[in-house]
Structures are given as structure tokens and as C-alpha cells.
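Trainee: Got a structure for you, questions after.
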Amino acid sequence: MNLLSVEEISKSYGEKVIFDSISFGVNQGQKIALIAKNGCGKTSILNIIAGQDSPDKGQVVFRKGIKVAYLSQEPLLDPKLTVKESILNADNPILSIISEYDKALKNPEDQESYQKAFEAMDQAQAWDFETQYKKILFKLKLNDLNAKIGSLSGGQKKRIALCNALLKQPELLILDEPTNHIDLEMIEWLESYFSKEKITLLMVTHDRYFLERVCNEIIELDQGKLYSYKGNYSYYLEKRDARIAQENVEAHKTKLHFKKELEWMRRQPKARTTKSKSRIEDFKIIKEKASLRRDDHKVQLEINMERLGSKMIEMHKVNKAFGDTTILKGFDYVFQKSERIGIIGKNGTGKSTFLNMLTSNEDPDSGKIIWGETLKFGYYTQSGIPYKEGQKVIDVIREYGDYIPLKKGKKISAQQLLERFLFDRKKQYDFVDKLSGGEKKRLYLCTVLIQNPNFLILDEPTNDLDIITLNVLESFLLDFPGCLIVVSHDRYFMDKIIDHLFVFKGSGNIENFPGNYSDYRAYEDSKIKNNDKELKSESYQLNEKKKHSNKNNLNYLQQKEFKKLEKEIKKIEFLKEEIQNHFNQELSLDDVKKYSIKLKNIKEDLELKTNRWFELSEN
């Protein structure tokens, strides 16, 4: 069943054509990823489909009555609202249905209105809306419903927007970089949720594990054309390589044909026959095809590196805290040459503070940090590239010099360097303001690397970068001879380039794990399985109850209450369903009033018990 048709849409900004006359469809059950280089208009396509932008020509047609939800890269939320208010003030049709039902409850004499409101609640499955949103928020680690939106991190805001999108129960969910700014635990939950749920998805993401495990089709926008691949990411890579190889063969044949026709053109007399005129027209087409070149030249990163002395950075008994929040507690570490360290941990555990202390932008509360004399940092931060208003791409690079030193005594002009970072001569004279998010990140990466660092720190470098640039960056980092520290939520990226992890667990606890991210997950999963076996065994032994309750952070009475609540909630939900079934029968006005009051009381009781259950389950 077709849910969406994109028909011949085009988009330009001034003279720049972003895409021209592209068409594709989305059918029920498909989980499609849209892949393209930065600046090719991925976000523009999603914005047009979501109705937040309009095409210059063409149209977007949805199946009649379809429910659609859109999660943008930077969700717009009112900072003055609380988490709960943000959910209840969202543009969600179910909320309107609940509002109408509440009005009908206050006026039970109007039986017709009540029946209509009741049927709408039933049809939309709106009875458990509050329980649903609390469950989703709980899964997304948003337990404080009274927290103000303005006080939340970017990742927390993204999760609230995601909760709103899921609560709409959409038939088609559109996602623009859903894994950006959320931690690894949330990414894995989201990946598991989408791979299991029968929901139709259209998304833009650079997370290659996400593409591999969630998507069943990939659409690539390449050189202005769309190519569809019915499979996951590894299937796409295989078939894309085969397509490009075939294109290269055809291009070679076209060039040989062009040379032959060019010789004929040069030999032709001025007087043309009808037949020769037709061949001249064909020549123009062949010439156009022969001059087409793939814009696939890779970023060649041959930047020189400052000589690295024997001493890097030493951290001795370093402590750091902000109020009651401990970041480092007696941390000791001596960094070695050519180390490749990945940093992971939940938001708020102090990863950025740690990096700021390494680069002397933050002082420790106590302890000592010693820096080597030859140390030269390259620090790629989440804040992005600093540039002046009205500055052009070429001007940003020329601030570091007209010529940049490379390896083996070579040098390169600022223009040539930018070409290696996929900025052609025309693009180099664009204003930085006009670049896409990914293009700005690529330019920023260029400015960090041309300073010849020997200690490279990358804080979330993969956000907004296209897959082609990511692959090239990975190749460069694998050859980088200096010390490397990476903070990233991109599991594929971490697996490929790092050899051990600093796991920030909170309260100043940092685990040094020997291995990449997948190794760590396998290790943690094995621990969980072993713990589960132990807990099952202990549950049969009365003398182990105390130990078991300590692990859960609940005392014996709280555990009893928790189990009792689970049983009571099931009973109340069953009773609620029974009362709701009465409304399907013919009732007198008095019965409608009686059952309405009962239903209202049951819902209030259910809410109290559910809230208490959530409170205990947090521990």
C-alpha cells in the first residue's frame, strides 16, 4: 500500500540547484534511509515532505487520512514549559479527543455527545494515553516531568520531541538524524524499538549500524539522480560498488566513441548533408556524456604533524566536582604515543569537562596535570567552527596561510587544500553562512587538521558528516601517528578507530576498558546475563533476600509494595475495561452518569498507582 509519493520535486537557492525533478514513493512497512553527500539537500527533501518547506516545482502526495510525524534535527520546544506540559501541549490529535471526552464527562445529560466522545476514545485507543507517555519517557530516561525544557540538554530535548512523535502513533514516521545528540544507550534502545515495531520509516542518518539493523531499503541521491537498493547498508555498499564499476565501463566506452566522432567532425567539409547534421546532433549528446565526471575524489589528508616528544600528558590524583556532582575522583593516567582512546558515558557524567582539563581550559580542584613541551593540540569541539560574519570559505583557510605544509617538505595552496576537502573552486567563494551543517563541520575539521596537531581530540566529530566523508576521516585517523581521543555516539566509527575506552559511569568512576565499543557491549551483556542467572537462583533462597534487595536498592517492604502494585494495576485495568464495555450497551441516563463517575475514579486510582510503580521501578 502506497503511503507517500514524491513527484518530480526540485529545489534551488538562488543560482544553486540543490536537486532537480526527483521522484520516489514510500509503501507501508518500508524502512527507508535517504543517503547523499552533505549539501545535496537531504534535510530539504524531508522538510518538503513534512510540509515545513515547499518545492520550486513538483508535488508531494500522501494517502488520504494518513497519520504522519516528523522528528527534525533541531526540534522547536517552548523553553518555559515543563516536560509534562510539552507533551500535553503537543500537536497531537489524541489530545483533542481526550479534551472532548473530558468535556462530555462534565455534561452527562448530553448522552449523544458522550457516546460520540466515548467512541472516539475507543477508536484512537486514547484511554491509556497518560500511561503510554509516561512509559515512553521512562524508557527515554526522562523521569522528571516537572523539569523545565529550558534547563534540559540538547539530547534530552531530542528525546522529548521523539516521545511526541511516537505518541502520535503515526503510520509514517520521518526522522532527520535521529541518533544525533543522544547517548549510546538511547541509540541502542531506539534501534531495537524501530527494528521490532511495524512502523513505516523514512529517515536520514549517518549511523551505519542503525542503517544495517533497521533499514530494509536505501535510496541514494548521487550526481542529481536517485538510486534505490532493496536491502540494508551492507547490501547497498555491495550494489553501489557494482553500479559505479558499470558506470566507469560505460564512461570509458563513451569517451572512445567521442574520440572517434571528434575525428569525423574535424574531417567534415563545411557543406553538411541531412545525414551529417543528424550525426552532429548525436555528437553533442555524446560530448555531454563523455564530459560527465564522478565527483568522488577523496579527501586526501596528508597534513604534516608536529614532532612528538617522549612526554605527552600525565594526570596524577586529579579531582574535579561541580557542587555535589563528582566528575573525577583521584584519576591517574599517563598518555602514551599513538594511543587511540574512545570516551563513552551518559550525558552529564563529565566527558566534556575531562577534555577541557586535558586542554587546560578547565582547572582541576586538586591533583596535578603535566603537559609535554612538544605537545600541540588539535581540538574539534561540539560548538562548531568560529567564523566572522560575511566570511567566505577560502578566507577561513587563508587565516592559517596561503600555503599549508604537507609531509616530506611539500606544500599546498589554500585552494588546493579545500579541493581535497571536497570544496570545489566555486564553493570556496560561498559565504560560510550558506553552507549546510555537514559542510560547516567538514570545513571545521579542515581548520583543526591543518594546524599540524600531534594530540588530536575530536568531540562528536561524526554529527552531520556524510558517510563518504566519514569513511575518509576514518582512513586518515587510522594512519594518524599522534595521540587520539574521540568522544562519539557513532558505534561503527568507534569500533573502527579506537583500541580502548574510558567509560564514564558517573560519580567520578571511570573504567579503562581494553577493547572497542562492540567488545565492551559484549562484555556488559555477558555480565547482565550472569547477574540474571544469579538473581533467579537467589529468588528461591529465603536467606538471600537481603542481598537481593540491596542490589535493587529497595528494602523488603518496598519490594512487597512493588509486586502488590503490579497485581493491583492489572486488576484495575481489567475493571476499567469492564466498565468501558458497559457503554457499548443501551444505557439509561442514570446508568451513563453512574458508570462515568466510576470510570473517572478508576482512572484517578490507576494514575496514582502507576506513578508510584514508576517511582519504585527507578530503583
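Going by the C-alpha cells order, chains are called A, B, ..., each with residues numbered from 1, while ligands are numbered from 1 in the order shown.
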Using only C-alpha atoms, what table do you get, as CSV, when you list each residue of region 147-234 of chain A with an atom no more than 12 Å from region 513-526 of chain A, its nearest pair of atoms, and their distance in Å rounded to one decimal, rows by chain then rising number?
Mentor:
```
residue,atom,partner,partner_atom,distance
A:Leu184,CA,A:Tyr517,CA,10.0
A:Glu185,CA,A:Arg521,CA,10.3
A:Glu188,CA,A:Arg521,CA,10.6
A:Tyr209,CA,A:Ser518,CA,11.0
```
Trainee: What's around Asp499 (chain A) at 12 Å? Count only C-alpha atoms, leave out sequence neighbours fewer than 2 positions away in its own chain, and write the answer as a PyMOL selection string.
Mentor: chain A and resi 338-343+478+483-486+493-497+501-502+512-520
Trainee: For Ala33 (chain A), which residue out of A:Lys157, A:Lys230, A:Lys225, A:His500 is the nearest one, using only C-alpha atoms?
Mentor: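 Of A:Lys157, A:Lys230, A:Lys225, A:His500, the one nearest Ala33 (chain A) is A:Lys230, counting only C-alpha atoms.
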Trainee: Mind pulling up the distance from CA of Asp91 (chain A) to CA of Ala126 (chain A)?
Mentor: 14.9 Å
Trainee: Within 12 Å of Tyr235 (chain A), counting only C-alpha atoms, which residues show up once you throw out same-chain ones fewer than 4 positions away? Write them as a ChimeraX atom specification, please.
Mentor: /A:211-213,215-218,228-231,239-242
Trainee: One decimal, Å: what's the distance from CA of Leu599 (chain A) over to CA of Ser113 (chain A), could you say?
Mentor: 16.9 Å
Trainee: With a distance cut-off of 12 Å and only C-alpha atoms, select the neighbouring residues of Lys64 (chain A), excluding the residue or stretch itself and same-chain residues fewer than 4 positions from it, and output the selection as number ranges by chain.
Mentor: A: 1-5, 68, 171
Trainee: Quick one, how far is CA of Leu456 (chain A) from CA of His206 (chain A)?
Mentor: 22.4 Å
Trainee: Which residue is closest to Leu606 (chain A)? Choose from A:Ile450, A:Met121, A:Val396, A:Leu565 and count only C-alpha atoms.
Mentor: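 Looking only at the distances to Leu606 (chain A), the closest residue turns out to be A:Leu565.
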Trainee: Select, from A:Ile327, A:Leu46, A:Val448, A:Ile579, the residue with the minimum atom-to-atom distance to Asp365 (chain A), counting only C-alpha atoms.
Mentor: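 Nearest to Asp365 (chain A): A:Ile327.
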Trainee: Pick the closest to Cys163 (chain A) from A:Ile244, A:Leu190, A:Met357, A:Ala414: which is it, counting only C-alpha atoms?
Mentor: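 Going through A:Ile244, A:Leu190, A:Met357, A:Ala414 one by one, the smallest distance to Cys163 (chain A) is for A:Leu190.
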Trainee: For each of A:Gln59, A:Thr447, A:Ser12, A:Ser413, take the minimum atom-to-atom distance to Ser44 (chain A), counting only C-alpha atoms, then give the residue where this is smallest.
Mentor: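 Ranked by minimum distance to Ser44 (chain A), first place goes to A:Ser12.
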Trainee: Excluding Tyr13 (chain A) and any residue of its chain fewer than 5 positions from it, enumerate the residues within 12 Å of it, using only C-alpha atoms, and give them as a PDB file with C-alpha atoms, in the first residue's frame.
Mentor:
```pdb
ATOM      1  CA  ILE A  18      20.055  21.511  -4.811  1.00  0.00           C
ATOM      2  CA  PHE A  19      18.100  18.770  -6.620  1.00  0.00           C
ATOM      3  CA  ASP A  20      16.042  18.646  -9.791  1.00  0.00           C
ATOM      4  CA  GLY A  39      24.888  19.849   0.662  1.00  0.00           C
ATOM      5  CA  CYS A  40      22.814  17.632  -1.686  1.00  0.00           C
ATOM      6  CA  GLY A  41      19.564  18.526   0.077  1.00  0.00           C
ATOM      7  CA  SER A  44      15.462  19.955   2.366  1.00  0.00           C
ATOM      8  CA  PRO A  55       9.414  22.696  -3.664  1.00  0.00           C
ATOM      9  CA  ASP A  56      10.073  25.058  -6.576  1.00  0.00           C
ATOM     10  CA  LYS A 434      25.253  29.453   3.309  1.00  0.00           C
ATOM     11  CA  LEU A 435      26.932  26.075   3.915  1.00  0.00           C
TER      12      LEU A 435
END
```
Trainee: Can I get the residues of region 113-183 of chain A within 12 Å of region 192-197 of chain A, each with the closest pair of atoms and their distance in Å to one decimal, using only C-alpha atoms, sorted chain first then ascending number, as a tab-separated table?
Mentor:
```
residue	atom	partner	partner_atom	distance
A:Ile136	CA	A:Tyr193	CA	11.1
A:Lys139	CA	A:Tyr193	CA	10.7
A:Leu140	CA	A:Tyr193	CA	11.6
A:Leu166	CA	A:Phe194	CA	10.7
A:Gln169	CA	A:Glu197	CA	11.2
A:Pro170	CA	A:Glu197	CA	11.7
A:Glu171	CA	A:Glu197	CA	11.2
A:Leu173	CA	A:Phe194	CA	10.4
A:Leu175	CA	A:Phe194	CA	11.5
A:Pro178	CA	A:Phe194	CA	11.4
```
Trainee: Just N, CA and C atoms for this one: save the residues we selected as an mmCIF file, in the first residue's frame.
Mentor:
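Dumped to result_39.cif:
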```cif
data_model
loop_
_atom_site.group_PDB
_atom_site.id
_atom_site.type_symbol
_atom_site.label_atom_id
_atom_site.label_comp_id
_atom_site.auth_asym_id
_atom_site.auth_seq_id
_atom_site.Cartn_x
_atom_site.Cartn_y
_atom_site.Cartn_z
ATOM 1 N N ILE A 136 6.979 5.757 27.819
ATOM 2 C CA ILE A 136 7.970 6.150 26.812
ATOM 3 C C ILE A 136 9.015 7.077 27.425
ATOM 4 N N LYS A 139 11.352 5.054 29.472
ATOM 5 C CA LYS A 139 12.311 4.355 28.613
ATOM 6 C C LYS A 139 13.387 5.299 28.099
ATOM 7 N N LEU A 140 12.992 6.555 27.844
ATOM 8 C CA LEU A 140 13.926 7.550 27.310
ATOM 9 C C LEU A 140 14.682 8.295 28.413
ATOM 10 N N LEU A 166 6.300 9.632 18.643
ATOM 11 C CA LEU A 166 5.819 8.261 18.834
ATOM 12 C C LEU A 166 4.387 8.225 19.365
ATOM 13 N N GLN A 169 1.300 7.965 17.244
ATOM 14 C CA GLN A 169 1.040 6.659 16.634
ATOM 15 C C GLN A 169 0.969 6.789 15.108
ATOM 16 N N PRO A 170 2.032 7.342 14.505
ATOM 17 C CA PRO A 170 1.978 7.625 13.071
ATOM 18 C C PRO A 170 2.067 6.363 12.219
ATOM 19 N N GLU A 171 1.440 6.428 11.050
ATOM 20 C CA GLU A 171 1.615 5.348 10.069
ATOM 21 C C GLU A 171 2.934 5.547 9.326
ATOM 22 N N LEU A 173 6.615 7.650 9.905
ATOM 23 C CA LEU A 173 7.466 8.469 10.780
ATOM 24 C C LEU A 173 8.680 8.922 9.982
ATOM 25 N N LEU A 175 12.293 10.903 10.060
ATOM 26 C CA LEU A 175 13.335 11.191 11.057
ATOM 27 C C LEU A 175 14.551 11.805 10.383
ATOM 28 N N PRO A 178 18.106 10.945 13.673
ATOM 29 C CA PRO A 178 17.536 10.637 14.993
ATOM 30 C C PRO A 178 18.563 10.300 16.056
#
```
Trainee: Here is a test: counting only C-alpha atoms, which residue of A:Glu566, A:Asp466, A:Glu112, A:Glu119 is nearest to Thr205 (chain A)?
Mentor: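 When distances to Thr205 (chain A) are compared using only C-alpha atoms, the smallest one comes from A:Asp466.
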Trainee: Just asking: which residues within region 286-492 of chain A are strand (DSSP E) according to DSSP, as a VMD selection string?
Mentor: chain A and resid 313 to 322 325 to 334 340 to 345 366 to 371 377 to 380 403 to 405 411 to 413 455 to 459 483 to 487
Trainee: Generate the output file for the selected residues, N, CA and C atoms, as a short mmCIF file (atom, residue, chain, number, x, y, z; two decimals), in the first residue's frame.
Mentor:
```cif
data_model
loop_
_atom_site.label_atom_id
_atom_site.label_comp_id
_atom_site.auth_asym_id
_atom_site.auth_seq_id
_atom_site.Cartn_x
_atom_site.Cartn_y
_atom_site.Cartn_z
N ILE A 313 50.93 13.61 28.15
CA ILE A 313 50.20 14.22 29.28
C ILE A 313 50.19 13.21 30.42
N GLU A 314 50.44 13.72 31.62
CA GLU A 314 50.35 12.88 32.82
C GLU A 314 49.30 13.48 33.76
N MET A 315 48.41 12.64 34.26
CA MET A 315 47.40 13.08 35.22
C MET A 315 47.61 12.30 36.52
N HIS A 316 47.82 13.02 37.62
CA HIS A 316 48.11 12.39 38.90
C HIS A 316 47.10 12.83 39.95
N LYS A 317 46.33 11.86 40.48
CA LYS A 317 45.36 12.08 41.57
C LYS A 317 44.46 13.30 41.31
N VAL A 318 43.93 13.36 40.11
CA VAL A 318 43.13 14.52 39.70
C VAL A 318 41.69 14.40 40.21
N ASN A 319 41.23 15.45 40.87
CA ASN A 319 39.84 15.51 41.37
C ASN A 319 39.12 16.71 40.76
N LYS A 320 37.85 16.51 40.46
CA LYS A 320 37.03 17.61 39.92
C LYS A 320 35.57 17.36 40.27
N ALA A 321 34.90 18.41 40.73
CA ALA A 321 33.47 18.31 41.05
C ALA A 321 32.81 19.66 40.81
N PHE A 322 31.53 19.62 40.51
CA PHE A 322 30.69 20.82 40.44
C PHE A 322 29.57 20.64 41.45
N THR A 325 28.09 17.12 42.26
CA THR A 325 28.37 16.23 41.13
C THR A 325 29.88 16.01 40.98
N THR A 326 30.33 14.79 41.24
CA THR A 326 31.75 14.45 41.11
C THR A 326 32.05 14.02 39.68
N ILE A 327 33.07 14.65 39.08
CA ILE A 327 33.47 14.33 37.71
C ILE A 327 34.67 13.37 37.71
N LEU A 328 35.71 13.74 38.45
CA LEU A 328 36.91 12.89 38.58
C LEU A 328 37.22 12.69 40.06
N LYS A 329 37.62 11.46 40.40
CA LYS A 329 37.93 11.17 41.80
C LYS A 329 39.26 10.43 41.85
N GLY A 330 40.34 11.19 42.12
CA GLY A 330 41.68 10.59 42.22
C GLY A 330 42.13 9.92 40.93
N PHE A 331 41.86 10.57 39.79
CA PHE A 331 42.14 9.95 38.48
C PHE A 331 43.63 9.99 38.16
N ASP A 332 44.17 8.83 37.79
CA ASP A 332 45.58 8.69 37.40
C ASP A 332 45.66 8.12 35.99
N TYR A 333 46.46 8.77 35.14
CA TYR A 333 46.71 8.18 33.81
C TYR A 333 47.88 8.89 33.15
N VAL A 334 48.72 8.09 32.47
CA VAL A 334 49.83 8.64 31.71
C VAL A 334 49.59 8.27 30.24
N ARG A 340 44.90 5.39 21.05
CA ARG A 340 43.63 5.68 20.39
C ARG A 340 42.52 5.39 21.38
N ILE A 341 42.09 6.43 22.09
CA ILE A 341 41.16 6.27 23.21
C ILE A 341 39.77 6.78 22.81
N GLY A 342 38.76 5.96 23.07
CA GLY A 342 37.37 6.39 22.90
C GLY A 342 36.77 6.70 24.25
N ILE A 343 35.93 7.74 24.32
CA ILE A 343 35.28 8.10 25.57
C ILE A 343 33.77 7.94 25.40
N ILE A 344 33.16 7.13 26.28
CA ILE A 344 31.71 6.97 26.25
C ILE A 344 31.15 7.17 27.66
N GLY A 345 29.86 7.42 27.74
CA GLY A 345 29.20 7.63 29.03
C GLY A 345 27.95 8.45 28.84
N SER A 366 41.96 19.52 42.56
CA SER A 366 43.22 19.11 43.20
C SER A 366 43.89 18.06 42.32
N GLY A 367 45.14 17.74 42.65
CA GLY A 367 45.91 16.83 41.80
C GLY A 367 46.76 17.60 40.82
N LYS A 368 47.42 16.88 39.93
CA LYS A 368 48.38 17.53 39.03
C LYS A 368 48.22 17.00 37.61
N ILE A 369 48.29 17.94 36.64
CA ILE A 369 48.32 17.58 35.22
C ILE A 369 49.61 18.14 34.63
N ILE A 370 50.41 17.29 33.99
CA ILE A 370 51.70 17.71 33.41
C ILE A 370 51.64 17.52 31.89
N TRP A 371 51.97 18.58 31.15
CA TRP A 371 51.95 18.53 29.69
C TRP A 371 53.37 18.50 29.13
N PHE A 377 47.93 20.57 20.48
CA PHE A 377 46.57 20.05 20.42
C PHE A 377 45.87 20.43 19.12
N GLY A 378 45.05 19.52 18.64
CA GLY A 378 44.01 19.82 17.66
C GLY A 378 42.70 19.46 18.34
N TYR A 379 41.86 20.44 18.63
CA TYR A 379 40.66 20.20 19.44
C TYR A 379 39.42 20.55 18.63
N TYR A 380 38.69 19.52 18.23
CA TYR A 380 37.45 19.67 17.46
C TYR A 380 36.30 19.58 18.46
N TYR A 403 49.74 29.06 1.94
CA TYR A 403 50.27 27.73 1.65
C TYR A 403 50.38 26.94 2.95
N ILE A 404 50.00 25.66 2.88
CA ILE A 404 49.98 24.80 4.06
C ILE A 404 51.03 23.71 3.89
N PRO A 405 51.89 23.47 4.92
CA PRO A 405 52.92 22.42 4.80
C PRO A 405 52.33 21.02 4.84
N LYS A 411 54.25 21.37 -0.01
CA LYS A 411 53.27 22.34 0.47
C LYS A 411 52.12 22.41 -0.53
N ILE A 412 51.02 22.99 -0.08
CA ILE A 412 49.81 23.03 -0.89
C ILE A 412 49.12 24.38 -0.68
N SER A 413 48.51 24.91 -1.73
CA SER A 413 47.81 26.19 -1.60
C SER A 413 46.50 26.00 -0.85
N PHE A 455 48.42 15.78 19.10
CA PHE A 455 47.47 15.24 20.08
C PHE A 455 46.09 15.71 19.62
N LEU A 456 45.33 14.80 19.04
CA LEU A 456 44.07 15.17 18.40
C LEU A 456 42.88 14.75 19.27
N ILE A 457 42.00 15.72 19.57
CA ILE A 457 40.80 15.46 20.36
C ILE A 457 39.58 15.80 19.51
N LEU A 458 38.71 14.82 19.32
CA LEU A 458 37.52 15.01 18.50
C LEU A 458 36.28 14.75 19.36
N ASP A 459 35.52 15.82 19.62
CA ASP A 459 34.31 15.71 20.44
C ASP A 459 33.10 15.68 19.50
N CYS A 483 48.63 11.02 19.28
CA CYS A 483 47.68 10.51 20.26
C CYS A 483 46.28 10.98 19.87
N LEU A 484 45.31 10.10 19.99
CA LEU A 484 43.95 10.41 19.54
C LEU A 484 42.95 10.11 20.65
N ILE A 485 42.06 11.09 20.92
CA ILE A 485 40.94 10.87 21.85
C ILE A 485 39.66 11.24 21.12
N VAL A 486 38.68 10.35 21.18
CA VAL A 486 37.41 10.58 20.47
C VAL A 486 36.24 10.38 21.42
N VAL A 487 35.34 11.37 21.45
CA VAL A 487 34.03 11.20 22.09
C VAL A 487 33.03 11.08 20.95
#
```
Trainee: If we count only C-alpha atoms, what is near Pro75 (chain A) at a cut-off of 10 Å, once residues fewer than 3 positions away on the same chain are taken out, given as a PyMOL selection string?
Mentor: chain A and resi 70-72+78+154+157-162
